[in-house]
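Participant: Dropping in model.cif, with mmCIF, C-alpha atoms.
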data_input
loop_
_atom_site.label_atom_id
_atom_site.label_comp_id
_atom_site.auth_asym_id
_atom_site.auth_seq_id
_atom_site.Cartn_x
_atom_site.Cartn_y
_atom_site.Cartn_z
CA MET V 1 -4.52 -16.23 -18.34
CA LEU V 2 -4.29 -15.36 -14.65
CA SER V 3 -1.50 -17.00 -12.68
CA VAL V 4 -2.47 -19.11 -9.66
CA PRO V 5 -1.06 -16.65 -7.05
CA LEU V 6 -2.89 -13.72 -8.65
CA LEU V 7 -6.14 -15.69 -8.85
CA VAL V 8 -5.86 -16.68 -5.16
CA SER V 9 -5.18 -13.05 -4.25
CA ILE V 10 -8.19 -11.75 -6.18
CA ILE V 11 -10.56 -14.36 -4.72
CA ALA V 12 -9.35 -13.77 -1.16
CA SER V 13 -9.48 -9.97 -1.41
CA VAL V 14 -12.99 -10.01 -2.91
CA LEU V 15 -14.24 -12.43 -0.23
CA TYR V 16 -12.70 -10.24 2.47
CA PHE V 17 -14.43 -7.19 0.99
CA LEU V 18 -17.82 -8.92 0.76
CA THR V 19 -17.68 -10.24 4.33
CA ILE V 20 -16.69 -6.97 6.03
CA PRO V 21 -20.11 -6.65 7.81
CA TRP V 22 -19.57 -9.99 9.58
CA GLN V 23 -15.98 -9.47 10.68
CA PRO V 24 -14.34 -10.67 12.83
CA TYR V 25 -15.14 -14.30 12.22
CA PRO V 26 -13.03 -17.51 12.31
CA GLY V 27 -10.58 -17.57 9.43
CA VAL V 28 -10.79 -13.90 8.54
CA VAL V 29 -7.10 -13.34 9.37
CA LEU V 30 -6.12 -16.11 6.95
CA LEU V 31 -8.37 -14.62 4.28
CA LYS V 32 -6.76 -11.22 4.74
CA GLY V 33 -3.28 -12.71 4.61
CA LEU V 34 -4.09 -14.56 1.38
CA SER V 35 -5.10 -11.29 -0.26
CA ILE V 36 -1.55 -9.90 -0.52
CA ALA V 37 0.84 -12.77 0.31
CA PRO V 38 0.30 -14.49 -3.07
CA LEU V 39 1.38 -11.27 -4.79
CA ALA V 40 4.66 -11.52 -2.89
CA LEU V 41 5.08 -15.07 -4.17
CA LEU V 42 4.30 -13.91 -7.71
CA ALA V 43 6.88 -11.12 -7.44
CA TRP V 44 9.49 -13.60 -6.21
CA GLN V 45 8.70 -15.94 -9.09
CA ARG V 46 9.11 -13.04 -11.53
CA ALA V 47 12.56 -12.14 -10.11
CA GLU V 48 11.51 -8.93 -8.33
CA PRO V 49 12.89 -9.56 -4.81
CA LEU V 50 12.39 -6.00 -3.51
CA LEU V 51 8.76 -6.05 -4.61
CA ALA V 52 8.33 -9.46 -3.00
CA ILE V 53 9.77 -8.18 0.29
CA ALA V 54 7.56 -5.07 0.27
CA LEU V 55 4.46 -7.18 -0.34
CA ALA V 56 5.50 -9.70 2.33
CA PHE V 57 5.88 -6.91 4.90
CA SER V 58 2.47 -5.59 3.84
CA SER V 59 0.84 -8.99 4.28
CA LEU V 60 2.45 -9.37 7.70
CA GLY V 61 1.12 -5.92 8.65
CA ASP V 62 -2.37 -6.94 7.50
CA ILE V 63 -2.28 -10.02 9.70
CA LEU V 64 -0.91 -8.22 12.76
CA LEU V 65 -3.53 -5.46 12.55
CA ASP V 66 -6.31 -8.05 12.37
CA ILE V 67 -5.09 -10.26 15.21
CA ALA V 68 -5.43 -7.72 18.03
CA PRO V 69 -5.60 -3.93 18.53
CA SER V 70 -2.61 -4.17 20.87
CA LEU V 71 -0.44 -5.15 17.90
CA PHE V 72 -1.15 -1.88 16.09
CA PRO V 73 2.38 -0.44 16.67
CA VAL V 74 3.97 -3.66 15.40
CA GLY V 75 1.70 -3.74 12.37
CA LEU V 76 2.53 -0.09 11.72
CA ALA V 77 6.24 -0.93 11.85
CA SER V 78 5.72 -3.74 9.35
CA PHE V 79 4.01 -1.40 6.89
CA LEU V 80 6.73 1.20 7.50
CA CYS V 81 9.29 -1.40 6.40
CA ALA V 82 7.16 -2.15 3.33
CA HIS V 83 7.18 1.51 2.32
CA LEU V 84 10.94 1.80 2.80
CA VAL V 85 11.47 -1.22 0.55
CA TYR V 86 9.05 0.17 -2.06
CA SER V 87 10.97 3.47 -1.98
CA THR V 88 14.26 1.63 -2.51
CA LEU V 89 12.75 -0.20 -5.48
CA PHE V 90 11.48 3.02 -7.06
CA LEU V 91 14.75 4.87 -6.48
CA ARG V 92 16.60 2.13 -8.30
CA LYS V 93 14.32 2.62 -11.29
CA ARG V 94 14.06 6.40 -11.15
CA THR V 95 14.43 8.75 -14.08
CA THR V 96 17.53 10.93 -14.22
CA ALA V 97 15.61 13.95 -12.96
CA PRO V 98 11.89 14.67 -12.43
CA ASP V 99 10.22 16.89 -15.01
CA ARG V 100 7.98 19.80 -14.06
CA GLN V 101 4.83 17.71 -13.93
CA GLN V 102 6.47 15.09 -11.73
CA LEU V 103 7.93 17.76 -9.47
CA ALA V 104 4.53 19.41 -9.08
CA MET V 105 2.95 16.08 -8.17
CA MET V 106 5.67 15.40 -5.61
CA ILE V 107 5.12 18.80 -3.97
CA VAL V 108 1.34 18.25 -3.82
CA VAL V 109 1.74 14.79 -2.24
CA ALA V 110 4.29 16.05 0.31
CA ALA V 111 2.13 19.06 1.19
CA TYR V 112 -0.92 16.85 1.66
CA SER V 113 0.98 14.48 3.95
CA VAL V 114 2.35 17.28 6.12
CA ALA V 115 -1.08 18.92 6.39
CA PHE V 116 -2.75 15.61 7.25
CA ALA V 117 -0.11 14.74 9.85
CA LEU V 118 -0.45 18.18 11.48
CA TRP V 119 -4.25 17.79 11.59
CA LEU V 120 -3.90 14.32 13.12
CA THR V 121 -1.24 15.19 15.71
CA PRO V 122 -3.51 16.45 18.55
CA TYR V 123 -5.29 13.08 18.55
CA LEU V 124 -2.21 10.83 18.58
CA GLY V 125 -1.19 10.93 22.23
CA ASN V 126 1.97 8.87 22.78
CA LEU V 127 1.90 7.61 19.17
CA VAL V 128 3.02 10.93 17.66
CA ILE V 129 6.55 9.77 16.82
CA PRO V 130 5.65 6.37 15.27
CA VAL V 131 2.75 7.84 13.28
CA TRP V 132 4.88 10.71 11.97
CA ALA V 133 7.62 8.23 11.06
CA TYR V 134 5.06 6.15 9.22
CA MET V 135 3.68 9.20 7.41
CA ALA V 136 7.20 10.09 6.32
CA ALA V 137 7.74 6.56 5.00
CA ILE V 138 4.51 6.35 3.01
CA THR V 139 5.07 9.86 1.65
CA ALA V 140 8.56 8.84 0.52
CA MET V 141 7.03 5.80 -1.18
CA ALA V 142 4.49 7.94 -3.04
CA VAL V 143 7.03 10.59 -4.02
CA THR V 144 9.59 8.08 -5.30
CA SER V 145 6.86 6.27 -7.26
CA ILE V 146 6.23 9.50 -9.15
CA ALA V 147 9.91 9.75 -10.09
CA SER V 148 10.17 6.09 -11.14
CA LYS V 149 9.95 4.95 -14.73
CA ILE V 150 8.02 1.76 -13.95
CA ARG V 151 4.84 2.07 -15.97
CA PRO V 152 4.02 5.27 -14.06
CA GLU V 153 0.27 5.34 -14.70
CA TRP V 154 -0.12 2.12 -12.69
CA VAL V 155 2.52 2.62 -10.06
CA ILE V 156 1.61 6.22 -9.20
CA ALA V 157 -2.10 5.36 -8.99
CA GLY V 158 -1.27 2.46 -6.68
CA ALA V 159 0.90 4.60 -4.41
CA LEU V 160 -1.73 7.33 -4.15
CA LEU V 161 -4.50 4.83 -3.42
CA PHE V 162 -2.32 3.35 -0.66
CA LEU V 163 -1.86 6.84 0.81
CA ILE V 164 -5.62 7.49 0.64
CA SER V 165 -6.37 4.15 2.31
CA ASP V 166 -4.04 4.84 5.21
CA SER V 167 -5.41 8.37 5.60
CA ILE V 168 -8.95 7.01 5.99
CA LEU V 169 -7.72 4.35 8.41
CA ALA V 170 -5.85 6.91 10.53
CA ALA V 171 -8.76 9.36 10.58
CA ASN V 172 -11.12 6.60 11.70
CA LYS V 173 -8.76 5.27 14.37
CA PHE V 174 -7.61 8.53 15.92
CA VAL V 175 -10.26 11.18 15.16
CA GLY V 176 -13.67 9.58 14.74
CA PRO V 177 -15.77 7.11 12.75
CA VAL V 178 -15.55 7.42 8.96
CA PRO V 179 -18.69 6.28 7.09
CA LEU V 180 -18.15 3.04 5.14
CA ARG V 181 -14.63 2.91 6.59
CA GLY V 182 -14.17 -0.85 6.12
CA TRP V 183 -15.09 -0.87 2.44
CA LEU V 184 -13.21 2.34 1.65
CA VAL V 185 -10.01 1.32 3.40
CA TRP V 186 -9.92 -2.18 1.97
CA SER V 187 -10.83 -1.29 -1.63
CA THR V 188 -8.30 1.56 -1.89
CA TYR V 189 -5.63 -0.53 -0.15
CA VAL V 190 -6.01 -3.62 -2.31
CA LEU V 191 -6.29 -1.65 -5.55
CA GLY V 192 -3.22 0.31 -4.46
CA GLN V 193 -1.22 -2.87 -3.89
CA TYR V 194 -2.34 -4.26 -7.24
CA GLY V 195 -1.31 -1.04 -8.96
CA LEU V 196 2.14 -1.17 -7.37
CA ALA V 197 2.70 -4.92 -7.85
CA LEU V 198 1.27 -5.35 -11.34
CA GLY V 199 2.81 -2.08 -12.50
CA VAL V 200 6.28 -3.29 -11.60
CA LEU V 201 5.71 -6.80 -12.96
CA SER V 202 4.18 -5.59 -16.24
CA ALA V 203 7.17 -3.31 -16.79
CA ASN V 204 9.38 -6.40 -16.76
CA ASN V 205 7.30 -7.92 -19.54
CA ARG V 206 7.47 -4.90 -21.82
CA PRO V 207 9.88 -5.24 -24.74
CA SER V 208 12.89 -3.00 -24.47
CA HIS V 209 13.55 -0.57 -27.33
CA PRO V 210 16.88 0.93 -28.26
CA ALA V 211 17.29 4.56 -27.29
#
So, in terms of structure tokens, how does the structure I just supplied come out?

Facilitator:
Amino acid sequence: MLSVPLLVSIIASVLYFLTIPWQPYPGVVLLKGLSIAPLALLAWQRAEPLLAIALAFSSLGDILLDIAPSLFPVGLASFLCAHLVYSTLFLRKRTTAPDRQQLAMMIVVAAYSVAFALWLTPYLGNLVIPVWAYMAAITAMAVTSIASKIRPEWVIAGALLFLISDSILAANKFVGPVPLRGWLVWSTYVLGQYGLALGVLSANNRPSHPA
């Protein structure tokens, strides 16, 4: 049975997705905030404080980005903090050393991020430093998720979807319009957050086995 916070999150995120063509409208910021904030509450209830903090920073970033375009740098900083907290969480649950498959995935993710950042740089103007700092943070989050041992098929998928979402958002904001941008960014973002949050929380519910 779905918990109340998860049910609220699902309803809000689906409503936000369905009403994208009519945005902005009164109450849309609240709807966006209710998409991720309940997951932070759920994480806190399940004794995962780092996950709760990462999700809270994410929800704050969502709200700031929707309030006004002028708050973009502040919203970016909030998401940067979320990625740093996610990375800390994953490092605490990392395996002793990445195997060859994990190492290959890390290299691919890092190479993609560097290539994307280099492609984006000519369009960034005076935001080069904050955007590069953000790219470094989200790349660290994705790379550390690969090395973690928290139900990796969920967590890694969530981290990569988050990276894809932000790539589409950045391309649309700095380079030019991306077709279906609203639906693509929101669906990959929300699914990414669910993968990260529910992956961590489900790992806590798995029975431990002796080595």

Participant: Between V:Leu6, V:Val200, V:Leu51, V:Ala142, which is the closest to V:Met105 once you count only C-alpha atoms?

Facilitator: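 Closest candidate: V:Ala142.
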
Participant: Please provide the set of residues having any atom within 9 Å of stretch 83-98 of chain V, restricted to all atoms listed in the file, with same-chain residues fewer than 3 positions apart removed, written as an mmCIF file with C-alpha atoms, in the coordinates of the input.

Facilitator:
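What landed in selection_19.cif:
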data_model
loop_
_atom_site.group_PDB
_atom_site.id
_atom_site.type_symbol
_atom_site.label_atom_id
_atom_site.label_comp_id
_atom_site.auth_asym_id
_atom_site.auth_seq_id
_atom_site.Cartn_x
_atom_site.Cartn_y
_atom_site.Cartn_z
ATOM 1 C CA LEU V 50 12.390 -6.000 -3.510
ATOM 2 C CA LEU V 51 8.760 -6.050 -4.610
ATOM 3 C CA ILE V 53 9.770 -8.180 0.290
ATOM 4 C CA ALA V 54 7.560 -5.070 0.270
ATOM 5 C CA LEU V 55 4.460 -7.180 -0.340
ATOM 6 C CA PHE V 57 5.880 -6.910 4.900
ATOM 7 C CA SER V 58 2.470 -5.590 3.840
ATOM 8 C CA SER V 78 5.720 -3.740 9.350
ATOM 9 C CA PHE V 79 4.010 -1.400 6.890
ATOM 10 C CA LEU V 80 6.730 1.200 7.500
ATOM 11 C CA GLN V 101 4.830 17.710 -13.930
ATOM 12 C CA GLN V 102 6.470 15.090 -11.730
ATOM 13 C CA LEU V 103 7.930 17.760 -9.470
ATOM 14 C CA TYR V 134 5.060 6.150 9.220
ATOM 15 C CA ALA V 137 7.740 6.560 5.000
ATOM 16 C CA ILE V 138 4.510 6.350 3.010
ATOM 17 C CA THR V 139 5.070 9.860 1.650
ATOM 18 C CA ALA V 140 8.560 8.840 0.520
ATOM 19 C CA MET V 141 7.030 5.800 -1.180
ATOM 20 C CA ALA V 142 4.490 7.940 -3.040
ATOM 21 C CA VAL V 143 7.030 10.590 -4.020
ATOM 22 C CA THR V 144 9.590 8.080 -5.300
ATOM 23 C CA SER V 145 6.860 6.270 -7.260
ATOM 24 C CA ILE V 146 6.230 9.500 -9.150
ATOM 25 C CA ALA V 147 9.910 9.750 -10.090
ATOM 26 C CA SER V 148 10.170 6.090 -11.140
ATOM 27 C CA LYS V 149 9.950 4.950 -14.730
ATOM 28 C CA ILE V 150 8.020 1.760 -13.950
ATOM 29 C CA LEU V 196 2.140 -1.170 -7.370
#

Participant: With all atoms listed in the file as the counted atoms, please give the residues lying no more than 10 Å from V:Leu169, apart from itself and same-chain residues fewer than 2 positions off, as a VMD selection string.

Facilitator: chain V and resid 163 to 167 171 to 175 177 to 178 181 to 182 184 to 186

Participant: From the options V:Val131, V:Ala12, V:Leu198, V:Leu120, which residue's atoms come nearest to V:Ala157, counting only C-alpha atoms?

Facilitator: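 Closest residue, counting only C-alpha atoms: V:Leu198.
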
Participant: Would you list the contacts of stretch 187-189 of chain V as a VMD selection string, taking every protein, DNA or RNA residue within 6 Å and counting only C-alpha atoms, but skipping same-chain residues closer than 4 positions in sequence?

Facilitator: chain V and resid 161 to 162 165 183

Participant: Atom CA of V:Tyr194 to atom CA of V:Pro21: how many Å, to one decimal?

Facilitator: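 One can read the atom CA of V:Tyr194 to atom CA of V:Pro21 distance as 23.4 Å.
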
Participant: Around (0.7, 16.9, 10.9) in the file's frame, which residues reach within 12 Å when counting only C-alpha atoms? Return as a list in words?

Facilitator: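 Residues satisfying the cut-off, written out: Ala110, Ala111, Tyr112, Ser113, Val114, Ala115, Phe116, Ala117, Leu118, Trp119, Leu120, Thr121, Pro122, Tyr123, Leu124, Val128, Ile129, Val131, Trp132, Ala133, Tyr134, Met135, Ala136, Ser167 and Ala170 of chain V.
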
Participant: Keeping only C-alpha atoms, write the selected residues as a PDB file, keeping the file's coordinate frame.

Facilitator:
ATOM      1  CA  ALA V 110       4.290  16.050   0.310  1.00  0.00           C
ATOM      2  CA  ALA V 111       2.130  19.060   1.190  1.00  0.00           C
ATOM      3  CA  TYR V 112      -0.920  16.850   1.660  1.00  0.00           C
ATOM      4  CA  SER V 113       0.980  14.480   3.950  1.00  0.00           C
ATOM      5  CA  VAL V 114       2.350  17.280   6.120  1.00  0.00           C
ATOM      6  CA  ALA V 115      -1.080  18.920   6.390  1.00  0.00           C
ATOM      7  CA  PHE V 116      -2.750  15.610   7.250  1.00  0.00           C
ATOM      8  CA  ALA V 117      -0.110  14.740   9.850  1.00  0.00           C
ATOM      9  CA  LEU V 118      -0.450  18.180  11.480  1.00  0.00           C
ATOM     10  CA  TRP V 119      -4.250  17.790  11.590  1.00  0.00           C
ATOM     11  CA  LEU V 120      -3.900  14.320  13.120  1.00  0.00           C
ATOM     12  CA  THR V 121      -1.240  15.190  15.710  1.00  0.00           C
ATOM     13  CA  PRO V 122      -3.510  16.450  18.550  1.00  0.00           C
ATOM     14  CA  TYR V 123      -5.290  13.080  18.550  1.00  0.00           C
ATOM     15  CA  LEU V 124      -2.210  10.830  18.580  1.00  0.00           C
ATOM     16  CA  VAL V 128       3.020  10.930  17.660  1.00  0.00           C
ATOM     17  CA  ILE V 129       6.550   9.770  16.820  1.00  0.00           C
ATOM     18  CA  VAL V 131       2.750   7.840  13.280  1.00  0.00           C
ATOM     19  CA  TRP V 132       4.880  10.710  11.970  1.00  0.00           C
ATOM     20  CA  ALA V 133       7.620   8.230  11.060  1.00  0.00           C
ATOM     21  CA  TYR V 134       5.060   6.150   9.220  1.00  0.00           C
ATOM     22  CA  MET V 135       3.680   9.200   7.410  1.00  0.00           C
ATOM     23  CA  ALA V 136       7.200  10.090   6.320  1.00  0.00           C
ATOM     24  CA  SER V 167      -5.410   8.370   5.600  1.00  0.00           C
ATOM     25  CA  ALA V 170      -5.850   6.910  10.530  1.00  0.00           C
TER      26      ALA V 170
END

Participant: Contacts between stretch 23-34 of chain V and stretch 49-164 of chain V, please, where a residue of stretch 49-164 of chain V counts if it comes within 9 Å (with all atoms listed in the file); show its shortest atom pair and distance in Å to one decimal, rows by chain and ascending number, as JSON lines.

Facilitator:
{"residue": "V:Ser59", "atom": "CA", "partner": "V:Gly33", "partner_atom": "CA", "distance": 5.6}
{"residue": "V:Leu60", "atom": "CA", "partner": "V:Gly33", "partner_atom": "CA", "distance": 7.3}
{"residue": "V:Asp62", "atom": "CA", "partner": "V:Gly33", "partner_atom": "CA", "distance": 6.5}
{"residue": "V:Ile63", "atom": "CA", "partner": "V:Gly33", "partner_atom": "CA", "distance": 5.8}
{"residue": "V:Leu64", "atom": "CA", "partner": "V:Val29", "partner_atom": "CA", "distance": 8.7}
{"residue": "V:Asp66", "atom": "CA", "partner": "V:Val29", "partner_atom": "CA", "distance": 6.1}
{"residue": "V:Ile67", "atom": "CA", "partner": "V:Val29", "partner_atom": "CA", "distance": 6.9}

Participant: Around all the atoms of stretch 147-156 of chain V listed in the file, draw an axis-aligned box and extend it by 5 Å on each of the six sides; I want its centre and edge lengths in Å to one decimal, as JSON.

Facilitator:
{"center_x": 5.0, "center_y": 5.8, "center_z": -12.6, "size_x": 20.3, "size_y": 18.0, "size_z": 16.8}

Participant: Enter the distance from atom CA of V:Ser9 to atom CA of V:Ile36, in Å, rounded to one decimal.

Facilitator: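 Atom CA of V:Ser9 sits 6.1 Å away from atom CA of V:Ile36.
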
Participant: Pick out the residues sitting within 12 Å of V:Val4, and hand them over as a VMD selection string; count only C-alpha atoms, and ignore anything fewer than 5 positions along from it in its own chain.

Facilitator: chain V and resid 9 to 11 38 to 39 41 to 42 45

Participant: Could you please determine the separation between atom CA of V:Val109 and atom CA of V:Ala37 in Å, to one decimal place?

Facilitator: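 Computing it gives 27.7 Å between the two atoms.
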
Participant: Here is a test: counting all atoms listed in the file, which residue of V:Ser202, V:Gln193, V:Ser13, V:Thr19 is nearest to V:Ile156?

Facilitator: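 Residue with the minimum atom-to-atom distance to V:Ile156: V:Gln193.
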
Participant: Between V:Glu48, V:Ile168, V:Pro130, V:Leu201, which has the minimum distance to V:Gly75 (counting only C-alpha atoms)?

Facilitator: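 When distances to V:Gly75 are compared using only C-alpha atoms, the smallest one comes from V:Pro130.
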
Participant: With distances taken over all atoms listed in the file, which of V:Leu191, V:Leu127, V:Leu15, V:Leu180 is nearest to V:Gly158?

Facilitator: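 Once distances to V:Gly158 are computed over all atoms listed in the file, the minimum belongs to V:Leu191.
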
Participant: Counting all atoms listed in the file, which of V:Ala203, V:Ala197, V:Val108, V:Pro69 gets nearest to V:Pro49?

Facilitator: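 Once distances to V:Pro49 are computed over all atoms listed in the file, the minimum belongs to V:Ala197.
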